[in-house]
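Listing of entry-v1.cif; format and content: mmCIF, C-alpha atoms and all ligand atoms.
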data_entry
loop_
_atom_site.label_atom_id
_atom_site.label_comp_id
_atom_site.auth_asym_id
_atom_site.auth_seq_id
_atom_site.Cartn_x
_atom_site.Cartn_y
_atom_site.Cartn_z
CA MET A 1 -10.16 19.80 20.28
CA PHE A 2 -7.39 20.71 17.82
CA ASN A 3 -4.59 19.31 20.01
CA VAL A 4 -6.00 15.85 19.27
CA HIS A 5 -4.27 13.56 16.77
CA SER A 6 -4.48 9.83 16.18
CA ARG A 7 -2.46 6.85 17.32
CA ILE A 8 -2.21 3.41 15.76
CA VAL A 9 -3.88 1.04 18.23
CA ASP A 10 -3.27 -2.22 16.36
CA THR A 11 -2.86 -3.86 12.96
CA GLY A 12 -4.18 -6.88 11.05
CA MET A 13 -3.57 -8.60 7.75
CA TYR A 14 -4.68 -11.40 5.46
CA VAL A 15 -3.00 -13.00 2.46
CA PRO A 16 -4.56 -15.75 0.32
CA ASP A 17 -3.22 -19.31 0.74
CA LYS A 18 -2.40 -19.82 -2.94
CA ILE A 19 1.30 -19.17 -3.64
CA LEU A 20 2.55 -18.47 -7.18
CA THR A 21 6.33 -18.96 -7.29
CA ASN A 22 8.88 -17.70 -9.80
CA ASP A 23 9.25 -21.33 -10.91
CA ASP A 24 5.51 -21.41 -11.67
CA LEU A 25 5.88 -18.21 -13.75
CA GLU A 26 8.74 -19.79 -15.75
CA LYS A 27 6.12 -22.19 -17.10
CA MET A 28 3.77 -19.35 -18.09
CA VAL A 29 6.03 -16.72 -19.74
CA ASP A 30 9.59 -16.35 -21.05
CA THR A 31 11.22 -15.54 -17.70
CA SER A 32 13.36 -17.14 -15.00
CA ASP A 33 13.63 -17.21 -11.23
CA GLU A 34 17.12 -15.76 -11.67
CA TRP A 35 15.82 -12.72 -13.67
CA ILE A 36 12.89 -12.03 -11.34
CA TYR A 37 14.85 -12.39 -8.09
CA SER A 38 17.91 -10.45 -9.23
CA ARG A 39 15.87 -7.59 -10.79
CA THR A 40 13.16 -7.32 -8.12
CA GLY A 41 13.92 -9.42 -5.01
CA ILE A 42 10.57 -11.21 -5.42
CA LYS A 43 10.43 -15.00 -4.91
CA GLU A 44 6.68 -15.59 -4.72
CA ARG A 45 3.32 -13.84 -4.49
CA ARG A 46 -0.22 -14.75 -3.34
CA ILE A 47 -3.22 -15.15 -5.66
CA SER A 48 -6.79 -14.62 -4.45
CA SER A 49 -10.01 -16.36 -5.38
CA PHE A 50 -11.87 -13.86 -3.15
CA ALA A 51 -12.97 -10.35 -4.10
CA THR A 52 -11.03 -7.31 -2.82
CA SER A 53 -13.68 -6.44 -0.19
CA VAL A 54 -13.49 -10.01 1.18
CA LEU A 55 -9.69 -9.83 1.53
CA GLY A 56 -10.13 -6.48 3.29
CA LEU A 57 -12.80 -7.97 5.55
CA LYS A 58 -10.48 -10.84 6.50
CA ALA A 59 -7.74 -8.36 7.44
CA VAL A 60 -10.29 -6.38 9.49
CA ASN A 61 -11.48 -9.56 11.23
CA ASP A 62 -7.84 -10.27 12.16
CA LEU A 63 -7.58 -6.70 13.50
CA LEU A 64 -10.84 -6.96 15.48
CA THR A 65 -9.57 -10.06 17.32
CA LYS A 66 -6.76 -7.85 18.71
CA ILE A 67 -8.69 -4.75 19.78
CA ASP A 68 -11.46 -4.46 22.32
CA LYS A 69 -13.93 -2.53 20.18
CA ASN A 70 -17.67 -2.84 19.69
CA PRO A 71 -18.26 -2.43 15.90
CA LEU A 72 -21.09 -0.01 16.76
CA ASP A 73 -18.44 2.37 18.13
CA ILE A 74 -16.40 2.52 14.90
CA ASP A 75 -16.69 6.00 13.34
CA LEU A 76 -14.90 5.72 9.99
CA ILE A 77 -13.97 2.98 7.51
CA VAL A 78 -11.53 4.08 4.78
CA PHE A 79 -10.81 1.41 2.16
CA CYS A 80 -7.82 2.04 -0.13
CA THR A 81 -7.71 0.09 -3.40
CA ILE A 82 -7.29 0.24 -7.19
CA SER A 83 -9.07 -3.10 -7.64
CA PRO A 84 -12.55 -2.60 -6.09
CA ASP A 85 -15.25 -5.26 -6.48
CA ASN A 86 -17.70 -2.75 -7.99
CA ASN A 87 -18.11 0.90 -8.98
CA THR A 88 -20.78 0.90 -6.29
CA PRO A 89 -21.28 -0.30 -3.57
CA SER A 90 -17.84 0.59 -2.30
CA CYS A 91 -15.64 -2.05 -0.64
CA SER A 92 -15.80 0.00 2.57
CA CYS A 93 -19.62 -0.26 2.71
CA LEU A 94 -19.38 -4.03 2.15
CA VAL A 95 -16.93 -4.32 5.06
CA GLN A 96 -19.23 -2.11 7.17
CA LYS A 97 -22.16 -4.44 6.44
CA HIS A 98 -20.23 -7.58 7.39
CA ILE A 99 -18.79 -6.29 10.67
CA GLY A 100 -22.02 -4.52 11.68
CA ALA A 101 -20.40 -1.09 12.06
CA LYS A 102 -23.80 0.59 11.67
CA ASN A 103 -22.67 4.01 12.95
CA ALA A 104 -19.62 4.33 10.68
CA THR A 105 -19.07 6.56 7.65
CA ALA A 106 -17.50 4.33 4.99
CA PHE A 107 -15.82 5.24 1.69
CA ASP A 108 -13.09 4.05 -0.71
CA ILE A 109 -10.12 6.00 -2.01
CA ASN A 110 -7.74 5.39 -4.91
CA ALA A 111 -4.16 6.62 -4.82
CA ALA A 112 -2.68 3.43 -6.33
CA CYS A 113 0.29 2.12 -4.34
CA THR A 114 0.25 5.30 -2.19
CA GLY A 115 -3.39 4.55 -1.31
CA PHE A 116 -2.77 3.46 2.27
CA ILE A 117 -0.59 6.53 2.99
CA TYR A 118 -3.28 8.87 1.61
CA GLY A 119 -6.02 6.92 3.48
CA LEU A 120 -4.22 7.12 6.81
CA VAL A 121 -3.42 10.83 6.32
CA LEU A 122 -7.09 11.47 5.50
CA ALA A 123 -8.41 9.48 8.48
CA ASP A 124 -5.93 11.23 10.81
CA SER A 125 -7.04 14.62 9.44
CA LEU A 126 -10.74 13.77 9.99
CA ILE A 127 -9.98 12.66 13.55
CA LYS A 128 -8.17 15.97 14.11
CA THR A 129 -11.41 17.85 13.27
CA GLY A 130 -12.95 16.30 16.39
CA LYS A 131 -15.94 14.90 14.44
CA TYR A 132 -14.64 11.33 14.44
CA LYS A 133 -12.95 9.52 17.31
CA ASN A 134 -11.55 6.49 15.50
CA ALA A 135 -11.12 4.82 12.11
CA ILE A 136 -10.29 1.56 10.42
CA VAL A 137 -8.01 2.13 7.42
CA ILE A 138 -7.72 -0.80 5.03
CA GLY A 139 -5.42 -1.44 2.05
CA SER A 140 -6.61 -4.37 -0.04
CA GLU A 141 -5.92 -5.50 -3.60
CA VAL A 142 -6.72 -8.30 -5.99
CA LEU A 143 -4.20 -7.20 -8.60
CA SER A 144 -4.24 -10.64 -10.22
CA LYS A 145 -7.45 -9.59 -12.02
CA LEU A 146 -5.68 -6.51 -13.47
CA ILE A 147 -2.70 -8.48 -14.80
CA ASN A 148 -2.13 -9.71 -18.34
CA TRP A 149 -0.67 -13.11 -17.43
CA LYS A 150 1.06 -13.23 -20.83
CA ASP A 151 3.00 -9.98 -20.23
CA ARG A 152 6.31 -10.83 -18.55
CA ASN A 153 7.03 -7.11 -17.96
CA THR A 154 4.26 -6.90 -15.37
CA CYS A 155 3.00 -10.36 -14.38
CA VAL A 156 6.08 -11.20 -12.31
CA LEU A 157 5.74 -8.10 -10.12
CA PHE A 158 2.33 -8.06 -8.46
CA GLY A 159 0.33 -10.04 -5.88
CA ASP A 160 -2.86 -10.03 -3.80
CA GLY A 161 -3.38 -9.31 -0.10
CA ALA A 162 -4.83 -6.99 2.53
CA GLY A 163 -3.85 -5.14 5.69
CA ALA A 164 -5.76 -2.95 8.12
CA VAL A 165 -5.06 -0.61 11.05
CA PHE A 166 -7.27 0.79 13.79
CA ILE A 167 -6.49 4.37 14.82
CA GLU A 168 -8.10 6.45 17.55
CA ALA A 169 -7.96 10.00 18.88
CA THR A 170 -5.41 10.78 21.56
CA SER A 171 -4.05 13.94 23.13
CA ASP A 172 -0.87 12.15 24.31
CA ILE A 173 1.94 13.80 22.33
CA ASN A 174 4.27 10.90 23.15
CA THR A 175 2.48 8.52 20.80
CA GLY A 176 0.82 8.43 17.39
CA ILE A 177 0.99 10.19 14.03
CA ILE A 178 3.37 13.14 14.37
CA ASP A 179 3.55 14.47 10.82
CA THR A 180 2.61 13.60 7.23
CA TYR A 181 3.69 14.59 3.72
CA THR A 182 1.82 13.92 0.46
CA ARG A 183 2.32 14.93 -3.18
CA SER A 184 0.95 14.03 -6.63
CA ILE A 185 2.45 14.43 -10.13
CA GLY A 186 -0.53 14.20 -12.50
CA GLU A 187 1.57 15.23 -15.51
CA LYS A 188 3.34 11.85 -15.28
CA SER A 189 0.03 9.91 -15.21
CA ASP A 190 0.96 7.94 -18.36
CA SER A 191 3.81 6.12 -16.58
CA LEU A 192 1.50 3.61 -14.87
CA ILE A 193 -1.98 2.85 -16.18
CA SER A 194 -4.85 0.43 -15.61
CA ARG A 195 -7.80 1.58 -17.72
CA SER A 196 -11.52 1.46 -16.94
CA ILE A 197 -14.50 1.22 -19.32
CA PRO A 198 -14.14 4.13 -21.80
CA VAL A 199 -16.80 6.72 -22.61
CA SER A 200 -18.95 5.51 -25.48
CA ASN A 201 -21.22 7.71 -27.57
CA PHE A 202 -24.51 5.83 -27.91
CA MET A 203 -24.91 7.15 -31.48
CA VAL A 204 -21.56 5.78 -32.66
CA GLU A 205 -20.40 2.19 -32.45
CA ASN A 206 -17.35 2.00 -30.19
CA THR A 207 -14.55 0.22 -32.04
CA GLU A 208 -11.78 1.15 -29.64
CA GLU A 209 -9.77 -1.85 -28.45
CA ILE A 210 -9.57 -1.79 -24.66
CA TYR A 211 -6.51 -3.08 -22.84
CA PRO A 212 -7.69 -3.24 -19.22
CA TYR A 213 -4.48 -4.56 -17.69
CA ILE A 214 -1.66 -2.78 -15.88
CA GLU A 215 0.81 -1.07 -18.23
CA MET A 216 3.95 0.54 -16.89
CA ASP A 217 7.07 2.35 -17.97
CA GLY A 218 9.20 0.39 -15.50
CA ARG A 219 12.38 2.44 -15.81
CA GLU A 220 10.53 5.77 -15.45
CA VAL A 221 8.62 4.50 -12.38
CA PHE A 222 11.85 3.12 -10.90
CA LYS A 223 13.57 6.53 -11.04
CA PHE A 224 10.50 8.30 -9.64
CA ALA A 225 10.21 5.69 -6.86
CA VAL A 226 13.78 6.19 -5.63
CA SER A 227 13.61 10.01 -5.67
CA SER A 228 10.14 10.11 -4.06
CA ILE A 229 11.20 7.83 -1.17
CA VAL A 230 14.24 10.02 -0.51
CA GLU A 231 12.26 13.31 -0.77
CA SER A 232 9.41 12.00 1.44
CA ILE A 233 11.76 10.84 4.21
CA GLU A 234 14.03 13.90 4.11
CA LYS A 235 11.02 16.25 4.25
CA LEU A 236 9.70 14.66 7.47
CA LEU A 237 13.17 14.61 9.04
CA LYS A 238 13.82 18.30 8.21
CA ASP A 239 10.39 19.57 9.33
CA ASN A 240 10.63 17.68 12.62
CA LYS A 241 14.32 18.48 13.27
CA LEU A 242 15.24 14.81 13.31
CA SER A 243 18.20 12.87 11.94
CA ILE A 244 17.81 9.58 10.09
CA ASN A 245 19.55 7.99 13.11
CA ASP A 246 16.53 8.93 15.25
CA ILE A 247 14.34 6.62 13.12
CA LYS A 248 14.07 3.01 14.33
CA CYS A 249 12.47 1.56 11.22
CA ILE A 250 11.20 2.60 7.77
CA VAL A 251 8.21 0.71 6.34
CA PRO A 252 8.23 1.36 2.58
CA HIS A 253 5.86 0.36 -0.21
CA GLN A 254 7.11 -3.07 -1.29
CA ALA A 255 7.74 -2.84 -5.05
CA ASN A 256 11.34 -3.80 -5.78
CA ILE A 257 14.32 -4.43 -3.48
CA ARG A 258 16.55 -2.50 -5.90
CA ILE A 259 14.37 0.62 -5.42
CA ILE A 260 14.81 0.30 -1.64
CA GLU A 261 18.58 -0.35 -1.93
CA ALA A 262 19.01 2.71 -4.18
CA ALA A 263 17.02 4.90 -1.75
CA ALA A 264 19.05 3.59 1.20
CA GLN A 265 22.26 4.43 -0.65
CA LYS A 266 21.09 8.02 -1.36
CA LEU A 267 20.04 8.43 2.28
CA LYS A 268 23.44 7.00 3.33
CA ILE A 269 21.85 4.38 5.58
CA SER A 270 21.89 0.61 5.77
CA VAL A 271 19.14 -1.11 3.79
CA GLU A 272 18.47 -2.99 7.04
CA LYS A 273 16.62 0.10 8.34
CA PHE A 274 13.91 -0.63 5.75
CA PHE A 275 11.51 -3.46 6.61
CA THR A 276 10.97 -5.68 3.58
CA ASN A 277 8.72 -8.65 2.89
CA LEU A 278 8.36 -8.27 -0.89
CA HIS A 279 10.18 -11.59 -1.46
CA LYS A 280 7.03 -13.31 -0.06
CA TYR A 281 4.20 -11.19 -1.47
CA GLY A 282 5.48 -9.14 -4.44
CA ASN A 283 3.94 -5.71 -4.97
CA THR A 284 0.44 -5.65 -3.44
CA SER A 285 -0.10 -1.92 -4.17
CA ALA A 286 -2.26 -0.25 -1.45
CA ALA A 287 -2.03 -3.39 0.71
CA SER A 288 1.77 -3.55 0.90
CA ILE A 289 2.37 -0.98 3.68
CA PRO A 290 -0.37 -2.21 6.08
CA ILE A 291 0.74 -5.83 5.55
CA ALA A 292 4.35 -4.84 6.26
CA LEU A 293 3.25 -2.76 9.26
CA ASP A 294 1.40 -5.75 10.71
CA GLU A 295 4.51 -7.92 10.32
CA VAL A 296 6.66 -5.21 11.98
CA ASN A 297 4.08 -4.93 14.77
CA ARG A 298 4.00 -8.68 15.37
CA SER A 299 7.81 -9.00 15.23
CA GLY A 300 7.99 -6.83 18.38
CA ASN A 301 11.06 -5.05 16.97
CA CYS A 302 9.47 -1.63 17.40
CA LYS A 303 9.02 -0.68 21.06
CA LYS A 304 6.77 2.00 22.53
CA GLY A 305 8.31 5.40 21.83
CA ASP A 306 10.29 4.32 18.73
CA LEU A 307 10.00 6.54 15.65
CA VAL A 308 8.80 4.82 12.47
CA ILE A 309 8.38 6.27 8.96
CA LEU A 310 5.86 4.83 6.47
CA VAL A 311 6.62 5.78 2.86
CA GLY A 312 4.73 5.07 -0.36
CA PHE A 313 4.80 5.87 -4.08
CA GLY A 314 2.77 4.74 -7.08
CA GLY A 315 0.43 5.41 -9.98
CA GLY A 316 -1.03 8.83 -10.48
CA LEU A 317 1.81 9.50 -9.90
CA THR A 318 1.43 9.83 -6.13
CA TYR A 319 3.75 9.65 -3.14
CA GLY A 320 3.95 10.46 0.55
CA SER A 321 5.12 9.58 4.03
CA ILE A 322 3.96 9.44 7.66
CA LEU A 323 6.04 9.87 10.81
CA VAL A 324 4.71 7.77 13.70
CA ARG A 325 5.78 7.47 17.33
CA TRP A 326 5.08 3.82 18.17
O1 LIG B 1 4.24 0.12 -7.19
C1 LIG B 1 4.87 0.97 -8.08
C2 LIG B 1 4.84 0.33 -9.39
N1 LIG B 1 5.94 -0.24 -10.00
C3 LIG B 1 7.24 -0.25 -9.69
O2 LIG B 1 7.70 0.19 -8.69
C4 LIG B 1 8.15 -0.85 -10.70
C5 LIG B 1 9.36 0.02 -10.98
N2 LIG B 1 10.23 -0.59 -11.99
C6 LIG B 1 10.90 -1.74 -11.75
O3 LIG B 1 10.82 -2.31 -10.69
C7 LIG B 1 11.80 -2.26 -12.86
O4 LIG B 1 11.94 -1.27 -13.87
C8 LIG B 1 11.30 -3.59 -13.50
C9 LIG B 1 11.44 -4.72 -12.50
C10 LIG B 1 9.85 -3.44 -13.92
C11 LIG B 1 12.13 -3.94 -14.72
O5 LIG B 1 13.51 -4.02 -14.36
P1 LIG B 1 14.60 -3.27 -15.27
O6 LIG B 1 15.92 -3.59 -14.68
O7 LIG B 1 14.19 -1.82 -15.33
O8 LIG B 1 14.46 -4.01 -16.64
P2 LIG B 1 14.06 -3.41 -18.07
O9 LIG B 1 12.63 -3.00 -18.09
O10 LIG B 1 15.08 -2.38 -18.42
O11 LIG B 1 14.22 -4.67 -18.99
C12 LIG B 1 15.50 -5.28 -19.18
C13 LIG B 1 15.32 -6.48 -20.08
C14 LIG B 1 14.48 -6.19 -21.31
O12 LIG B 1 15.04 -6.91 -22.39
P3 LIG B 1 15.96 -6.17 -23.46
O13 LIG B 1 15.11 -5.09 -24.06
O14 LIG B 1 17.12 -5.63 -22.69
O15 LIG B 1 16.32 -7.26 -24.40
C15 LIG B 1 13.13 -6.78 -20.98
O16 LIG B 1 12.41 -7.20 -22.11
O17 LIG B 1 14.61 -7.51 -19.36
C16 LIG B 1 13.52 -7.98 -20.13
N3 LIG B 1 12.46 -8.41 -19.26
C17 LIG B 1 12.42 -9.67 -18.75
N4 LIG B 1 13.20 -10.74 -18.93
C18 LIG B 1 12.88 -11.87 -18.24
C19 LIG B 1 11.43 -7.71 -18.77
N5 LIG B 1 10.69 -8.48 -17.95
C20 LIG B 1 11.28 -9.70 -17.92
C21 LIG B 1 11.00 -10.91 -17.26
N6 LIG B 1 11.82 -11.96 -17.45
N7 LIG B 1 9.93 -11.04 -16.42
#
I need this file expressed as structure tokens, please.
Amino acid sequence: MFNVHSRIVDTGMYVPDKILTNDDLEKMVDTSDEWIYSRTGIKERRISSFATSVLGLKAVNDLLTKIDKNPLDIDLIVFCTISPDNNTPSCSCLVQKHIGAKNATAFDINAACTGFIYGLVLADSLIKTGKYKNAIVIGSEVLSKLINWKDRNTCVLFGDGAGAVFIEATSDINTGIIDTYTRSIGEKSDSLISRSIPVSNFMVENTEEIYPYIEMDGREVFKFAVSSIVESIEKLLKDNKLSINDIKCIVPHQANIRIIEAAAQKLKISVEKFFTNLHKYGNTSAASIPIALDEVNRSGNCKKGDLVILVGFGGGLTYGSILVRW
């Protein structure tokens, strides 16, 4: 059973209809389209009026229209998010309920913007045990509820959306997930924070002011992002005796075009090798890679047998990569 691994069968996505442009943001905070576009590459982002589980469900419904799968035959649902609807029930159990996947094991994970990478690595590892034959892995975020819309340092960067993939066990070594790499740097946890309800002692009145919105040391995260992309890609190439020229396409977490350009420069490759759509959606955290993967999939640019690298980085700090044969 241990020669089994997983292959990506198909992808789906959903983004909300409401578009918030840089021009709209100019009316809300002291910023400009010129600053946002030149510093980040972002032109617009989507804003949701639905909960995170609903966005995830819509991406899964898109996925289910493309695969011939009875929901009763789905084994695992892994939902990656930092913006869940509730502490419990999990978003994954809500998706399970709505699609009628009564035989699935469903749980959420949080690895911030690396969430989808960690989720896919985890689902692939569970499939390799032989206990599960397939999985839906979802990345979905409603970051607009975690944003201080008066803070120009953060409000221009993020957006809402969801993507999903269906993976299943295969013993065909010519397709699927070939290798993975994940790391965390907990000692740099202060660089990117979104707080939850603090501990309160019931005997003492809690006077602590809570700032629940995303706070970030942008320059620190920028440097980490560039080095983690380079390390994650080089590690997979070295361990699999590949050259960067063997890779057809890199699907990175979509945070900032300057991060991707700097990584491309260090890797001595054209930025064109990286798929980007951040100009349309901004940074959608755990949703950015599955949304990008769905757009790559639908573009038809990757053919069967092509090598693709997915690479993510984010709060925690966390980072990682996945080598896939399409
Ligand atoms: O998913 C992972 C999470 N996050 C990231 O990947 C983000 C990583 N970091 C970045 O992408 C960049 O650091 C930012 C886009 C966040 C900021 O770009 P920067 O080139 O590092 O700018 P900065 O923070 O050094 O700020 C430069 C100036 C500052 O003004 P002063 O101090 O030089 O007078 C900021 O106050 O730009 C100012 N500024 C703005 N001005 C207009 C910051 N935000 C804005 C804004 N509009 N929205």
Starting from 8 Å padding per side, set up an axis-aligned box that covers all listed atoms of ligand LIG 1 (chain B) and hand over centre and edge lengths in Å, one decimal, as lines of an AutoDock Vina configuration file.
center_x = 10.7
center_y = -5.5
center_z = -15.8
size_x = 28.9
size_y = 28.9
size_z = 33.2
Handout entry: Contacts with ligand LIG 1 (chain B) at most 6 Å, all atoms listed in the file counted, listed as a ChimeraX atom specification
Key = /A:31-32,35-36,39-40,113,152-153,156,218-219,221-222,255-256,285,314
Handout entry: Surrounding residues of Glu209 in chain A excluding itself and chain neighbours under 6 positions, 12 Å, all atoms listed in the file, as a PyMOL selection string
Key = chain A and resi 195+197-198
Those residues with C-alpha atoms, as a CSV table (one decimal), in the coordinates of the input please?
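Result went into out-v6.csv, see below:
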chain,number,residue,atom,x,y,z
A,195,ARG,CA,-7.8,1.6,-17.7
A,197,ILE,CA,-14.5,1.2,-19.3
A,198,PRO,CA,-14.1,4.1,-21.8
Please tabulate, as CSV, the residues of range 163-233 of chain A that come within 10 Å of range 262-280 of chain A, each with its closest pair of atoms and the distance in Å to one decimal, counting all atoms listed in the file and ordering rows by chain, then residue number upward.
residue,atom,partner,partner_atom,distance
A:Phe222,CA,A:Ala262,CA,9.8
A:Lys223,CA,A:Ala262,CA,9.6
A:Ala225,CA,A:Ala263,CA,8.6
A:Val226,CA,A:Ala263,CA,5.2
A:Ser227,CA,A:Ala263,CA,7.3
A:Ser228,CA,A:Ala263,CA,8.9
A:Ile229,CA,A:Ala263,CA,6.5
A:Val230,CA,A:Ala263,CA,6.0
A:Glu231,CA,A:Leu267,CA,9.7
A:Ile233,CA,A:Leu267,CA,8.8
Exercise for the section: Considering all atoms listed in the file, state which residue in the set A:Ile322, A:Ile259, A:Ala287, A:Leu237 is at the smallest distance from Thr180 in chain A. Expected result: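 Closest residue, counting all atoms listed in the file: A:Ile322.
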Practice task
Give the answer as one residue: which of A:His98, A:Lys18, A:Lys304, A:Arg258 has the shortest atom-to-atom distance to Phe50 in chain A, using all atoms listed in the file?
Solution key: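 Comparing A:His98, A:Lys18, A:Lys304, A:Arg258 against Phe50 in chain A, the winner is A:Lys18.
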Exercise for the section: Using only C-alpha atoms, give me every residue within 7 Å of (3.8, 12.3, -11.3) in file coordinates, as an NGL selection string. Expected result: :A and (184-189 or 316-318)
For those residues, write C-alpha atoms to a file as a CSV table (one decimal), in the frame of the given file.
chain,number,residue,atom,x,y,z
A,184,SER,CA,1.0,14.0,-6.6
A,185,ILE,CA,2.4,14.4,-10.1
A,186,GLY,CA,-0.5,14.2,-12.5
A,187,GLU,CA,1.6,15.2,-15.5
A,188,LYS,CA,3.3,11.8,-15.3
A,189,SER,CA,0.0,9.9,-15.2
A,316,GLY,CA,-1.0,8.8,-10.5
A,317,LEU,CA,1.8,9.5,-9.9
A,318,THR,CA,1.4,9.8,-6.1
Exercise for the section: Using CA of Trp149 in chain A and CA of Ala112 in chain A as the two end points, give the distance in Å to one decimal. Expected result: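 Answer for the CA of Trp149 in chain A to CA of Ala112 in chain A separation: 20.0 Å.
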